[in-house]
Structure formats: structure tokens, C-alpha cells
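Source file: structure.txt; contents: compact mmCIF, C-alpha atoms and all ligand atoms.
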# COMPACT_ATOMS: atom_id res chain seq x y z
CA MET A 186 10.63 -31.73 45.39
CA PRO A 187 8.17 -33.60 47.55
CA ILE A 188 8.17 -33.24 51.31
CA TYR A 189 8.10 -36.47 53.29
CA GLU A 190 7.02 -36.79 56.87
CA TYR A 191 8.72 -39.18 59.28
CA GLU A 192 8.14 -40.19 62.86
CA PRO A 193 10.36 -42.11 65.30
CA VAL A 194 9.84 -45.87 65.53
CA ASN A 195 10.57 -45.73 69.24
CA PRO A 196 9.19 -42.49 70.71
CA HIS A 197 11.51 -42.85 73.70
CA LYS A 198 14.65 -42.91 71.57
CA THR A 199 14.75 -39.61 69.75
CA CYS A 200 16.72 -36.44 69.46
CA LYS A 201 15.27 -32.92 69.42
CA LYS A 202 14.87 -33.09 65.63
CA CYS A 203 12.96 -36.35 65.35
CA LYS A 204 10.92 -36.04 68.54
CA GLY A 205 7.33 -36.25 67.36
CA ARG A 206 7.31 -35.80 63.60
CA PHE A 207 9.68 -34.12 61.23
CA GLU A 208 9.54 -33.22 57.58
CA ILE A 209 12.31 -33.59 55.07
CA ILE A 210 12.65 -32.75 51.40
CA GLN A 211 13.75 -35.71 49.30
CA GLY A 212 14.08 -36.40 45.63
CA ILE A 213 11.41 -38.73 44.24
CA ASP A 214 14.03 -41.40 43.45
CA GLU A 215 15.78 -41.20 46.81
CA GLU A 216 15.46 -44.13 49.19
CA PRO A 217 13.15 -43.44 52.12
CA LEU A 218 14.99 -42.76 55.37
CA THR A 219 15.19 -45.55 57.90
CA ASN A 220 17.22 -43.61 60.42
CA CYS A 221 17.13 -40.07 61.70
CA PRO A 222 19.84 -38.08 59.87
CA TRP A 223 20.70 -36.27 63.10
CA CYS A 224 20.83 -38.98 65.80
CA GLY A 225 20.63 -42.20 63.78
CA GLU A 226 17.67 -43.70 65.65
CA ARG A 227 15.09 -45.63 63.60
CA VAL A 228 12.35 -43.62 61.92
CA LYS A 229 9.47 -44.54 59.61
CA LYS A 230 7.71 -42.67 56.86
CA VAL A 231 4.27 -41.25 57.58
CA ILE A 232 1.77 -41.50 54.77
CA SER A 233 0.59 -37.94 54.39
CA TRP A 234 -1.35 -38.02 51.12
CA CYS A 235 -4.64 -37.18 52.85
CA ARG A 236 -3.17 -34.00 54.21
CA ALA A 237 -2.01 -32.96 50.76
CA ALA A 238 -5.42 -33.74 49.28
CA ILE A 239 -7.18 -31.67 51.92
CA ILE A 240 -4.89 -28.70 51.36
CA GLU A 241 -5.55 -28.86 47.63
CA THR A 242 -9.32 -28.67 47.98
CA SER A 243 -9.51 -26.64 51.17
CA GLY A 244 -10.81 -23.47 49.51
CA GLU A 245 -13.55 -25.31 47.68
CA HIS A 246 -14.19 -27.51 50.70
CA THR A 247 -14.86 -24.49 52.91
CA GLN A 248 -17.26 -23.05 50.36
CA VAL A 249 -19.19 -26.28 49.89
CA THR A 250 -19.38 -26.90 53.64
CA ARG A 251 -20.76 -23.40 54.11
CA LYS A 252 -23.36 -23.95 51.39
CA ILE A 253 -24.46 -27.24 52.98
CA SER A 254 -24.82 -25.49 56.35
CA GLU A 255 -26.98 -22.83 54.70
CA TYR A 256 -29.29 -25.46 53.19
CA GLU A 257 -29.47 -27.22 56.54
CA LYS A 258 -30.37 -23.97 58.30
CA GLU A 259 -33.18 -23.37 55.84
CA GLY A 260 -34.40 -26.95 56.14
CA MET A 261 -33.62 -27.74 52.50
CA TRP A 262 -32.52 -31.24 53.44
CA SER A 263 -32.52 -32.82 49.99
CA HIS A 264 -30.38 -29.99 48.60
CA ALA A 265 -27.97 -30.32 51.52
CA ALA A 266 -27.91 -34.11 51.11
CA GLU A 267 -27.17 -34.03 47.40
CA LEU A 268 -24.42 -31.48 47.77
CA ALA A 269 -22.83 -33.34 50.69
CA ASP A 270 -23.14 -36.63 48.80
CA THR A 271 -21.42 -35.33 45.66
CA HIS A 272 -18.76 -33.58 47.68
CA SER A 273 -18.04 -36.63 49.84
CA GLU A 274 -17.45 -38.72 46.70
CA LYS A 275 -15.09 -36.08 45.36
CA ILE A 276 -12.92 -35.73 48.45
CA GLY A 277 -13.46 -39.25 49.83
CA ASN A 278 -14.59 -37.93 53.19
CA HIS A 279 -16.51 -40.35 55.39
CA ASP A 280 -17.91 -37.68 57.73
CA MET A 281 -19.31 -35.81 54.76
CA LYS A 282 -20.98 -39.01 53.53
CA MET A 283 -22.60 -39.52 56.94
CA ARG A 284 -23.81 -35.94 56.84
CA ALA A 285 -25.34 -36.62 53.42
CA LEU A 286 -27.15 -39.73 54.68
CA ASP A 287 -28.36 -37.81 57.73
CA ASN A 288 -29.77 -35.10 55.48
CA TYR A 289 -31.39 -37.68 53.18
CA LYS A 290 -33.18 -39.05 56.26
CA LYS A 291 -34.32 -35.59 57.28
CA ALA A 292 -35.54 -35.03 53.73
CA GLY A 293 -37.87 -37.97 54.25
CA TYR A 294 -35.91 -40.67 52.44
CA ASP A 295 -35.19 -43.91 54.19
CA ALA A 296 -32.87 -46.71 53.12
CA GLY A 297 -35.80 -48.55 51.48
CA THR A 298 -36.88 -45.53 49.49
CA LEU A 299 -33.35 -44.95 48.26
CA GLU A 300 -33.10 -48.57 47.15
CA LYS A 301 -36.42 -48.37 45.31
CA HIS A 302 -35.26 -45.16 43.70
CA ALA A 303 -32.09 -46.86 42.45
CA LYS A 304 -34.10 -49.81 41.16
CA ALA A 305 -36.58 -47.60 39.32
CA LYS A 306 -33.66 -45.95 37.57
CA GLU A 307 -32.30 -49.33 36.46
CA ASP A 308 -35.69 -50.44 35.13
CA GLY A 309 -36.33 -47.18 33.36
ZN ZN B 1 16.89 -37.97 65.78
Is it possible to express this structure as C-alpha cells?
Amino acid sequence: MPIYEYEPVNPHKTCKKCKGRFEIIQGIDEEPLTNCPWCGERVKKVISWCRAAIIETSGEHTQVTRKISEYEKEGMWSHAAELADTHSEKIGNHDMKMRALDNYKKAGYDAGTLEKHAKAKEDG
């Protein structure tokens, strides 16, 4: 059964249970809650798919992040960039993408070079 996260619509009108956020187990075909089951004040569903995604890949994520840090420490910028780039695509993480671009720069690439590189690939 999936766990859904809710938060109060009006943070000043809550009970102890729905103050801040609360989680509730619901069947997949159950209607989403519109009111707190305990006090009846309005609540709304929090989209929490990113959290689930991060939990799923957290082990791998830690490993990859560590590897990137190692490359960075050794000044292997292009290795770090490629790894961060691939990983950012996989997990859809913007910070990781920025880290990749940063490492590409340090590796001596600039935006122009990257474009040329892409073009050369197309032509070839
Ligand atoms: Zn409540």
C-alpha cells in the first residue's frame, strides 16, 4: 500500500496530527483526502515522488558521489564530469548536472568546444 503525504491548507487551522505534515496509508483506488481525518480541517496532498526516487537510488547515489569526489580530488576533471553527467541524467538531479558542467570547464572544455564536439559526432 502506498504512503501518501498531506499537509494542512491553512497552517493556522490544524490539530496535533496534521500540524506540519502527516503520512497516511491509502489504497491506490481510494480518493485522496481533502480533510484531516482527526479534526476535519482542509488538507492537501504533497507530491513526494522525488523523495521515493532518492530513497531507491540512495545507496548507488552515495557511491557515485564518492567516486566523483575522488576524481575531483585527483584533478581528473573529465572523468568526474562524465560520471556526474551520466548520473545526473539517471536521477534527474540538477545540482549534479551543474557539477558535471563545472568539471567539464575545469577539464578544459568550454561551451563552444562541447558544441563543436557534438557537431563533429553528427557529421561523422
Ligand atoms: Zn487535523
Mind listing the residues within 9 Å of ligand ZN 1 (chain B), only C-alpha atoms and all ligand atoms counted, as a list in words?
-> Pro193, Lys198, Thr199, Cys200, Lys201, Lys202, Cys203, Lys204, Asn220, Cys221, Pro222, Trp223, Cys224, Gly225, Glu226, Arg227 and Val228 of chain A
As a check of understanding: the span from atom CA of Lys291 of chain A to atom CA of Glu245 of chain A is 25.1 Å
Quick one: distance from atom CA of Glu257 of chain A to atom CA of Ala292 of chain A in Å, one decimal?
->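 So the two atoms, atom CA of Glu257 of chain A and atom CA of Ala292 of chain A, lie 10.3 Å apart.
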Smallest atom-to-atom distance to Ser243 of chain A: which of A:Ile276, A:Met281, A:Val194, A:Leu286, using all atoms listed in the file?
->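 Between A:Ile276, A:Met281, A:Val194, A:Leu286, the residue approaching Ser243 of chain A most closely is A:Ile276.
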How many Å separate atom CA of Thr271 of chain A from atom CA of Asp287 of chain A?
-> 14.1 Å
Determine, counting all atoms listed in the file, every residue of protein, DNA or RNA that lies within 10 Å of (-22.4, -37.5, 47.5) in the file coordinates, then give the result as a PyMOL selection string.
-> chain A and resi 265-278+281-286
Do you know which residues are at most 12 Å from Val231 of chain A counting only C-alpha atoms, after dropping those on the same chain fewer than 6 positions away, and could you put them as an mmCIF file with C-alpha atoms, in the frame of the given file?
data_model
loop_
_atom_site.group_PDB
_atom_site.id
_atom_site.type_symbol
_atom_site.label_atom_id
_atom_site.label_comp_id
_atom_site.auth_asym_id
_atom_site.auth_seq_id
_atom_site.Cartn_x
_atom_site.Cartn_y
_atom_site.Cartn_z
ATOM 1 C CA ILE A 188 8.170 -33.240 51.310
ATOM 2 C CA TYR A 189 8.100 -36.470 53.290
ATOM 3 C CA GLU A 190 7.020 -36.790 56.870
ATOM 4 C CA TYR A 191 8.720 -39.180 59.280
ATOM 5 C CA GLU A 192 8.140 -40.190 62.860
ATOM 6 C CA PRO A 193 10.360 -42.110 65.300
ATOM 7 C CA VAL A 194 9.840 -45.870 65.530
ATOM 8 C CA GLY A 205 7.330 -36.250 67.360
ATOM 9 C CA ARG A 206 7.310 -35.800 63.600
ATOM 10 C CA PHE A 207 9.680 -34.120 61.230
ATOM 11 C CA GLU A 208 9.540 -33.220 57.580
ATOM 12 C CA ILE A 209 12.310 -33.590 55.070
ATOM 13 C CA PRO A 217 13.150 -43.440 52.120
ATOM 14 C CA LEU A 218 14.990 -42.760 55.370
ATOM 15 C CA THR A 219 15.190 -45.550 57.900
#
For Lys252 of chain A, the closest of A:His264, A:His279, A:Lys290, A:Lys230 counting all atoms listed in the file is A:His264
Complete the atom set of segment 282-293 of chain A to all heavy atoms and return it as a compact mmCIF listing (two decimals), in the frame of the given file.
# COMPACT_ATOMS: atom_id res chain seq x y z
N LYS A 282 -20.03 -38.00 54.00
CA LYS A 282 -20.98 -39.01 53.53
C LYS A 282 -22.06 -39.24 54.59
O LYS A 282 -23.24 -39.33 54.27
CB LYS A 282 -20.22 -40.32 53.25
CG LYS A 282 -21.07 -41.37 52.56
CD LYS A 282 -21.16 -41.11 51.08
CE LYS A 282 -22.11 -42.08 50.40
NZ LYS A 282 -22.31 -41.76 48.99
N MET A 283 -21.64 -39.32 55.85
CA MET A 283 -22.60 -39.52 56.94
C MET A 283 -23.55 -38.33 57.03
O MET A 283 -24.73 -38.48 57.30
CB MET A 283 -21.88 -39.72 58.28
CG MET A 283 -21.01 -40.97 58.39
SD MET A 283 -21.72 -42.45 57.64
CE MET A 283 -22.97 -42.84 58.87
N ARG A 284 -23.00 -37.16 56.81
CA ARG A 284 -23.81 -35.94 56.84
C ARG A 284 -24.86 -35.99 55.72
O ARG A 284 -26.01 -35.60 55.92
CB ARG A 284 -22.89 -34.74 56.64
CG ARG A 284 -23.57 -33.42 56.92
CD ARG A 284 -22.51 -32.36 57.01
NE ARG A 284 -23.08 -31.03 57.16
CZ ARG A 284 -22.35 -29.94 57.34
NH1 ARG A 284 -21.04 -30.04 57.40
NH2 ARG A 284 -22.91 -28.76 57.47
N ALA A 285 -24.43 -36.48 54.56
CA ALA A 285 -25.34 -36.62 53.42
C ALA A 285 -26.49 -37.58 53.77
O ALA A 285 -27.66 -37.27 53.56
CB ALA A 285 -24.59 -37.13 52.20
N LEU A 286 -26.14 -38.73 54.34
CA LEU A 286 -27.15 -39.73 54.68
C LEU A 286 -28.12 -39.17 55.72
O LEU A 286 -29.33 -39.39 55.65
CB LEU A 286 -26.47 -41.00 55.23
CG LEU A 286 -25.74 -41.85 54.20
CD1 LEU A 286 -25.08 -43.04 54.86
CD2 LEU A 286 -26.67 -42.31 53.09
N ASP A 287 -27.56 -38.43 56.68
CA ASP A 287 -28.36 -37.81 57.73
C ASP A 287 -29.38 -36.85 57.11
O ASP A 287 -30.55 -36.84 57.46
CB ASP A 287 -27.42 -37.07 58.68
CG ASP A 287 -28.06 -36.86 60.03
OD1 ASP A 287 -28.74 -37.80 60.50
OD2 ASP A 287 -27.89 -35.77 60.60
N ASN A 288 -28.90 -36.07 56.14
CA ASN A 288 -29.77 -35.10 55.48
C ASN A 288 -30.81 -35.79 54.58
O ASN A 288 -31.93 -35.31 54.45
CB ASN A 288 -28.94 -34.09 54.68
CG ASN A 288 -28.31 -33.06 55.59
OD1 ASN A 288 -28.91 -32.63 56.57
ND2 ASN A 288 -27.10 -32.66 55.28
N TYR A 289 -30.42 -36.91 53.97
CA TYR A 289 -31.39 -37.68 53.18
C TYR A 289 -32.53 -38.13 54.08
O TYR A 289 -33.70 -38.07 53.72
CB TYR A 289 -30.71 -38.91 52.55
CG TYR A 289 -30.05 -38.64 51.22
CD1 TYR A 289 -28.74 -39.02 50.97
CD2 TYR A 289 -30.76 -38.02 50.18
CE1 TYR A 289 -28.12 -38.79 49.75
CE2 TYR A 289 -30.16 -37.78 48.95
CZ TYR A 289 -28.83 -38.17 48.74
OH TYR A 289 -28.24 -37.94 47.53
N LYS A 290 -32.17 -38.60 55.29
CA LYS A 290 -33.18 -39.05 56.26
C LYS A 290 -34.12 -37.92 56.61
O LYS A 290 -35.33 -38.07 56.64
CB LYS A 290 -32.48 -39.58 57.52
CG LYS A 290 -32.26 -41.08 57.48
CD LYS A 290 -31.68 -41.55 58.80
CE LYS A 290 -30.52 -42.52 58.57
NZ LYS A 290 -29.61 -42.59 59.71
N LYS A 291 -33.52 -36.76 56.90
CA LYS A 291 -34.32 -35.59 57.28
C LYS A 291 -35.23 -35.16 56.13
O LYS A 291 -36.30 -34.62 56.34
CB LYS A 291 -33.42 -34.43 57.69
CG LYS A 291 -32.83 -34.62 59.08
CD LYS A 291 -31.91 -33.47 59.42
CE LYS A 291 -31.22 -33.71 60.75
NZ LYS A 291 -29.99 -32.92 60.87
N ALA A 292 -34.76 -35.40 54.91
CA ALA A 292 -35.54 -35.03 53.73
C ALA A 292 -36.71 -35.99 53.52
O ALA A 292 -37.54 -35.79 52.65
CB ALA A 292 -34.65 -35.00 52.50
N GLY A 293 -36.74 -37.05 54.33
CA GLY A 293 -37.87 -37.97 54.25
C GLY A 293 -37.55 -39.27 53.52
O GLY A 293 -38.40 -40.13 53.38
